[in-house]
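A.B. asks: Quick one, final-v8.txt (compact mmCIF, C-alpha atoms):
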# COMPACT_ATOMS: atom_id res chain seq x y z
CA MET A 177 -30.14 31.99 8.22
CA MET A 178 -28.42 29.02 6.61
CA ALA A 179 -25.35 29.12 8.86
CA SER A 180 -27.44 28.76 12.00
CA THR A 181 -28.69 25.35 10.80
CA MET A 182 -25.21 24.18 9.80
CA ALA A 183 -23.76 23.57 13.24
CA ILE A 184 -21.03 21.09 14.02
CA PRO A 185 -22.47 18.13 16.00
CA ARG A 186 -22.47 18.52 19.75
CA ARG A 187 -20.74 16.24 22.21
CA PRO A 188 -22.42 15.30 25.51
CA GLN A 189 -21.45 17.63 28.36
CA GLN A 190 -18.95 16.27 30.88
CA ALA A 191 -19.40 16.28 34.61
CA ALA A 192 -17.80 19.06 36.63
CA GLY A 193 -14.24 18.38 37.73
CA THR A 194 -13.46 15.85 35.01
CA GLN A 195 -10.60 16.33 32.59
CA VAL A 196 -11.52 17.12 29.00
CA VAL A 197 -10.21 14.41 26.69
CA ASN A 198 -10.20 14.87 22.94
CA PRO A 199 -11.71 11.63 21.56
CA ALA A 200 -10.24 12.23 18.11
CA ALA A 201 -6.73 12.50 19.55
CA VAL A 202 -7.21 9.29 21.56
CA ARG A 203 -8.48 7.48 18.46
CA ASP A 204 -5.57 8.78 16.35
CA GLN A 205 -3.12 7.63 19.03
CA ARG A 206 -4.69 4.16 19.02
CA TYR A 207 -4.33 3.88 15.25
CA ARG A 208 -0.71 5.06 15.40
CA THR A 209 0.00 2.49 18.13
CA LEU A 210 -1.68 -0.26 16.11
CA GLN A 211 0.31 0.72 13.03
CA PHE A 212 3.57 0.67 15.01
CA VAL A 213 2.84 -2.73 16.60
CA LEU A 214 1.92 -4.30 13.26
CA PHE A 215 4.96 -2.82 11.55
CA THR A 216 7.32 -3.95 14.33
CA ALA A 217 5.89 -7.49 14.45
CA GLY A 218 6.18 -7.77 10.67
CA ALA A 219 9.74 -6.43 10.79
CA VAL A 220 10.69 -9.10 13.33
CA LEU A 221 8.81 -12.10 11.88
CA MET A 222 9.85 -11.78 8.22
CA PRO A 223 13.63 -11.89 8.83
CA LEU A 224 13.10 -14.58 11.48
CA GLY A 225 11.30 -16.68 8.86
CA ILE A 226 14.11 -16.16 6.36
CA VAL A 227 16.65 -17.23 8.99
CA ALA A 228 14.56 -20.37 9.72
CA ILE A 229 14.46 -21.19 5.99
CA LEU A 230 18.23 -20.76 5.72
CA ILE A 231 18.82 -23.01 8.76
CA GLY A 232 16.52 -25.61 7.23
CA TRP A 233 18.37 -25.41 3.91
CA TYR A 234 21.72 -25.74 5.67
CA GLY A 235 20.52 -28.79 7.59
CA VAL A 236 19.14 -30.49 4.46
CA ALA A 237 22.25 -29.67 2.42
CA HIS A 238 24.61 -31.12 5.00
CA SER A 239 22.67 -34.26 5.89
CA HIS A 240 23.14 -37.43 3.85
CA TYR A 241 20.15 -39.37 5.13
CA ALA A 242 16.52 -38.73 4.13
CA TYR A 243 15.17 -39.16 7.68
CA ASP A 244 17.47 -36.33 8.86
CA GLN A 245 16.48 -34.07 5.95
CA THR A 246 12.73 -34.38 6.64
CA SER A 247 12.98 -32.80 10.08
CA TYR A 248 15.00 -29.87 8.70
CA MET A 249 12.51 -29.33 5.87
CA ILE A 250 9.54 -29.32 8.22
CA SER A 251 11.02 -27.27 11.04
CA GLY A 252 13.07 -24.90 8.90
CA GLY A 253 11.25 -24.70 5.60
CA LEU A 254 7.58 -24.82 6.57
CA LEU A 255 7.99 -22.87 9.81
CA GLY A 256 10.11 -20.30 7.96
CA LEU A 257 7.50 -19.92 5.21
CA GLY A 258 4.78 -19.51 7.81
CA LEU A 259 6.75 -16.78 9.59
CA VAL A 260 7.51 -14.97 6.33
CA PHE A 261 3.84 -15.01 5.30
CA LEU A 262 2.68 -13.93 8.76
CA GLY A 263 5.21 -11.08 8.76
CA GLY A 264 4.02 -10.05 5.30
CA PHE A 265 0.39 -9.97 6.44
CA LEU A 266 1.36 -7.87 9.45
CA TYR A 267 3.19 -5.44 7.16
CA PHE A 268 0.04 -5.29 5.04
CA GLY A 269 -2.01 -4.56 8.19
CA ALA A 270 0.38 -1.74 9.10
CA TRP A 271 -0.07 -0.29 5.63
CA LEU A 272 -3.87 -0.51 5.97
CA ALA A 273 -3.70 1.29 9.33
CA LYS A 274 -1.62 4.03 7.71
CA VAL A 275 -4.12 4.38 4.84
CA ALA A 276 -7.01 4.57 7.34
CA ASN A 277 -5.22 7.32 9.28
CA GLU A 278 -4.57 9.30 6.08
CA GLN A 279 -8.22 8.87 5.05
CA ARG A 280 -9.36 10.18 8.44
CA GLU A 281 -7.10 13.22 8.01
CA SER A 282 -8.56 13.80 4.53
CA ALA A 283 -12.07 13.63 5.96
CA ARG A 284 -11.13 16.24 8.57
CA GLN A 285 -9.76 18.53 5.85
CA LEU A 286 -12.94 18.02 3.83
CA ALA A 287 -15.04 18.95 6.86
CA ASP A 288 -12.99 22.13 7.31
CA THR A 289 -13.48 22.98 3.64
CA MET A 290 -17.23 22.46 3.98
CA LEU A 291 -17.14 24.77 7.00
CA VAL A 292 -15.51 27.43 4.83
CA LEU A 293 -18.15 26.91 2.12
CA ALA A 294 -20.94 27.18 4.70
CA ASP A 295 -19.39 30.43 5.89
CA LEU A 296 -19.20 31.75 2.33
CA VAL A 297 -22.80 30.83 1.60
CA SER A 298 -24.00 32.46 4.80
CA ARG A 299 -22.18 35.71 3.91
CA SER A 300 -23.15 35.86 0.26
CA PRO A 301 -25.83 38.36 -0.75
CA ARG A 302 -29.26 36.93 -1.49
CA SER A 303 -29.57 38.60 -4.89
CA GLY A 304 -26.36 37.03 -6.20
CA ALA A 305 -25.25 40.31 -7.82
CA ALA A 306 -22.07 40.89 -5.82
CA GLU A 307 -19.07 38.63 -5.27
CA PRO A 308 -18.99 36.85 -1.93
CA THR A 309 -15.97 37.42 0.28
CA ALA A 310 -13.57 34.50 0.12
CA VAL A 311 -11.84 32.96 3.08
CA ALA A 312 -8.51 31.51 1.93
CA ASP A 313 -7.64 29.52 5.04
CA PRO A 314 -10.13 26.98 6.51
CA GLY A 315 -8.70 27.68 9.94
CA ALA A 316 -9.50 31.39 9.59
CA VAL A 317 -13.26 30.85 9.73
CA PRO A 318 -14.62 32.67 12.80
CA VAL A 319 -16.59 30.34 15.07
CA LEU A 320 -18.29 30.34 18.45
CA ALA A 321 -17.80 27.50 20.90
CA GLY A 322 -21.15 26.36 22.28
CA THR A 323 -23.05 29.29 23.80
CA GLY A 324 -19.87 31.26 24.44
CA SER A 325 -19.34 34.95 23.80
CA THR A 326 -15.78 34.79 22.45
CA VAL A 327 -15.05 34.47 18.73
CA HIS A 328 -12.22 32.10 17.81
CA ARG A 329 -10.56 30.95 14.63
CA ARG A 330 -11.50 27.40 13.63
CA ASP A 331 -7.92 26.24 14.29
CA CYS A 332 -7.53 27.95 17.69
CA ALA A 333 -5.71 25.78 20.22
CA LEU A 334 -8.17 26.72 22.97
CA ILE A 335 -11.15 25.16 21.18
CA ALA A 336 -9.42 22.36 19.22
CA HIS A 337 -11.01 19.71 21.46
CA ARG A 338 -14.53 21.13 21.17
CA ASP A 339 -17.22 19.51 19.04
CA ASP A 340 -19.89 22.19 19.54
CA LEU A 341 -18.57 24.91 17.22
CA HIS A 342 -20.89 27.18 15.23
CA VAL A 343 -20.07 29.44 12.28
CA LEU A 344 -20.90 33.11 12.92
CA THR A 345 -24.09 34.28 11.25
CA GLY A 346 -23.43 38.00 11.59
CA ARG A 347 -26.40 38.56 13.90
CA GLU A 348 -24.49 37.93 17.13
CA VAL A 349 -24.11 40.85 19.51
CA ASP A 350 -21.49 41.78 22.13
CA LEU A 351 -18.88 39.23 21.15
CA GLY A 352 -15.28 39.37 22.29
CA THR A 353 -12.32 38.10 20.33
CA CYS A 354 -9.86 35.48 21.48
CA ARG A 355 -6.49 36.87 22.55
CA VAL A 356 -4.70 33.69 21.49
CA CYS A 357 -5.82 33.22 17.87
CA ARG A 358 -6.97 36.83 17.14
CA PRO A 359 -9.69 36.01 14.58
CA TYR A 360 -10.25 38.32 11.64
CA LEU A 361 -13.88 39.41 11.70
CA ILE A 362 -15.56 40.77 8.60
Do you think you could lay out the structure here as structure tokens?

C.D. replies:
Amino acid sequence: MMASTMAIPRRPQQAAGTQVVNPAAVRDQRYRTLQFVLFTAGAVLMPLGIVAILIGWYGVAHSHYAYDQTSYMISGGLLGLGLVFLGGFLYFGAWLAKVANEQRESARQLADTMLVLADLVSRSPRSGAAEPTAVADPGAVPVLAGTGSTVHRRDCALIAHRDDLHVLTGREVDLGTCRVCRPYLI
């Protein structure tokens, strides 16, 4: 009874003839692109700033007059420092994007673990006398996609994009098994 109330949230149905797009994959690709852009910009700006500082130093060191040295200090030194700091902040942004992506992956793994726990609770006897059967792999949890009649593993490639997965309760009738993932049914 408990497994029927613990369904994965549903996604709105798409119109007929439209291509199914996995929103999680699009979001992950955006974060990877953002991380790459920030990392690349930081990798270009920091050395460019160091080169500007070195050019400013060279100009100040080889100029004998104060009015010549001021322009080198401003254009080389201050501009170089600005570029180094900006590159450092962009590196920091790339690191934050990487941490956010890792946190999202951890949340997905936690959701899979909770799915396994929901499956274990739904299969455990009500009296608590016997040991519940354990499922070692979170991807091995048998699920149904929407109102379908084919049982899949949670990690099946055919239903990876679906958001309307339900853990089997054991009361389903006339279910077929997927030929791709070959779920183990208890």

A.B. asks: What is the atom CA of A:Glu281-atom CA of A:His328 distance in Å, reported with one decimal?

C.D. replies: 21.9 Å

A.B. asks: I'd like to know which of A:Gly264, A:Gly322, A:Pro359, A:Gly346 is closest to A:Ala217, using only C-alpha atoms.

C.D. replies: A:Gly264

A.B. asks: Atom CA of A:Gly263 and atom CA of A:Met249 are how many Å apart?

C.D. replies: 19.9 Å

A.B. asks: Just how far from atom CA of A:Gln285 is atom CA of A:Gly269, in Å to one decimal?

C.D. replies: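 Taking atom CA of A:Gly269 and atom CA of A:Gln285, their separation equals 24.5 Å.
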
A.B. asks: When distances are computed from all atoms listed in the file, which of A:Val220, A:Ala276, A:Ala242, A:Ala316 shows the smallest separation from A:Arg203?

C.D. replies: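 Of A:Val220, A:Ala276, A:Ala242, A:Ala316, the one nearest A:Arg203 is A:Ala276, counting all atoms listed in the file.
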
A.B. asks: Would you pick out the contacts of A:Gly324 at 10 Å or less, using all atoms listed in the file, so that residues sharing its chain but fewer than 3 positions from it are not included, and give the list as a PyMOL selection string?

C.D. replies: chain A and resi 319-321+327+341+351-352

A.B. asks: For A:Leu266, please output as a list in words all residues within 7 Å (counting all atoms listed in the file; exclusion window: fewer than 6 positions along the same chain).

C.D. replies: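 So, after excluding close chain neighbours, the residues are Leu214, Phe215, Ala217 and Gly218 of chain A.
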
A.B. asks: Between A:Leu334, A:Ala219, A:Leu257, A:Ile250, which has the minimum distance to A:Cys357 (counting all atoms listed in the file)?

C.D. replies: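 Between A:Leu334, A:Ala219, A:Leu257, A:Ile250, the residue approaching A:Cys357 most closely is A:Leu334.
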
A.B. asks: Give the answer as one residue: which of A:Thr345, A:Thr353, A:Gln205, A:Gln211 has the shortest atom-to-atom distance to A:Ala294, using all atoms listed in the file?

C.D. replies: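 Smallest distance to A:Ala294 is found for A:Thr345.
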
A.B. asks: Could you pull out every residue with an atom within 9 Å of (11.7, -15.7, 11.1), file coordinates, counting all atoms listed in the file, and send them as a list in words?

C.D. replies: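 Applying the cut-off with all atoms listed in the file, one gets Val220, Leu221, Met222, Pro223, Leu224, Gly225, Ile226, Val227, Ala228, Ile229, Leu255, Gly256, Leu257, Gly258, Leu259, Val260 and Gly263 of chain A.
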
A.B. asks: Edge lengths and centre in Å to one decimal, as lines of an AutoDock Vina configuration file, is what I'm after for the box along x, y and z that holds all listed atoms of stretch 321-334 of chain A once 6 Å is added on each side.

C.D. replies:
center_x = -14.4
center_y = 30.4
center_z = 19.0
size_x = 29.3
size_y = 21.2
size_z = 22.8

A.B. asks: Would you mind completing stretch 277-288 of chain A so that it carries N, CA and C atoms, and writing it out as an mmCIF file, in the frame of the given file?

C.D. replies:
data_model
loop_
_atom_site.group_PDB
_atom_site.id
_atom_site.type_symbol
_atom_site.label_atom_id
_atom_site.label_comp_id
_atom_site.auth_asym_id
_atom_site.auth_seq_id
_atom_site.Cartn_x
_atom_site.Cartn_y
_atom_site.Cartn_z
ATOM 1 N N ASN A 277 -5.553 6.072 8.588
ATOM 2 C CA ASN A 277 -5.220 7.320 9.280
ATOM 3 C C ASN A 277 -5.177 8.479 8.284
ATOM 4 N N GLU A 278 -4.604 8.245 7.097
ATOM 5 C CA GLU A 278 -4.570 9.300 6.080
ATOM 6 C C GLU A 278 -5.984 9.637 5.585
ATOM 7 N N GLN A 279 -6.843 8.626 5.484
ATOM 8 C CA GLN A 279 -8.220 8.870 5.050
ATOM 9 C C GLN A 279 -8.978 9.685 6.105
ATOM 10 N N ARG A 280 -8.721 9.415 7.369
ATOM 11 C CA ARG A 280 -9.360 10.180 8.440
ATOM 12 C C ARG A 280 -8.911 11.639 8.394
ATOM 13 N N GLU A 281 -7.620 11.862 8.119
ATOM 14 C CA GLU A 281 -7.100 13.220 8.010
ATOM 15 C C GLU A 281 -7.729 13.936 6.811
ATOM 16 N N SER A 282 -7.912 13.210 5.705
ATOM 17 C CA SER A 282 -8.560 13.800 4.530
ATOM 18 C C SER A 282 -10.007 14.175 4.834
ATOM 19 N N ALA A 283 -10.687 13.332 5.588
ATOM 20 C CA ALA A 283 -12.070 13.630 5.960
ATOM 21 C C ALA A 283 -12.140 14.880 6.836
ATOM 22 N N ARG A 284 -11.160 15.045 7.732
ATOM 23 C CA ARG A 284 -11.130 16.240 8.570
ATOM 24 C C ARG A 284 -10.905 17.484 7.718
ATOM 25 N N GLN A 285 -10.005 17.399 6.737
ATOM 26 C CA GLN A 285 -9.760 18.530 5.850
ATOM 27 C C GLN A 285 -10.998 18.841 5.012
ATOM 28 N N LEU A 286 -11.716 17.807 4.583
ATOM 29 C CA LEU A 286 -12.940 18.020 3.830
ATOM 30 C C LEU A 286 -13.995 18.704 4.693
ATOM 31 N N ALA A 287 -14.081 18.305 5.954
ATOM 32 C CA ALA A 287 -15.040 18.950 6.860
ATOM 33 C C ALA A 287 -14.683 20.415 7.073
ATOM 34 N N ASP A 288 -13.392 20.733 7.185
ATOM 35 C CA ASP A 288 -12.990 22.130 7.310
ATOM 36 C C ASP A 288 -13.326 22.925 6.054
#
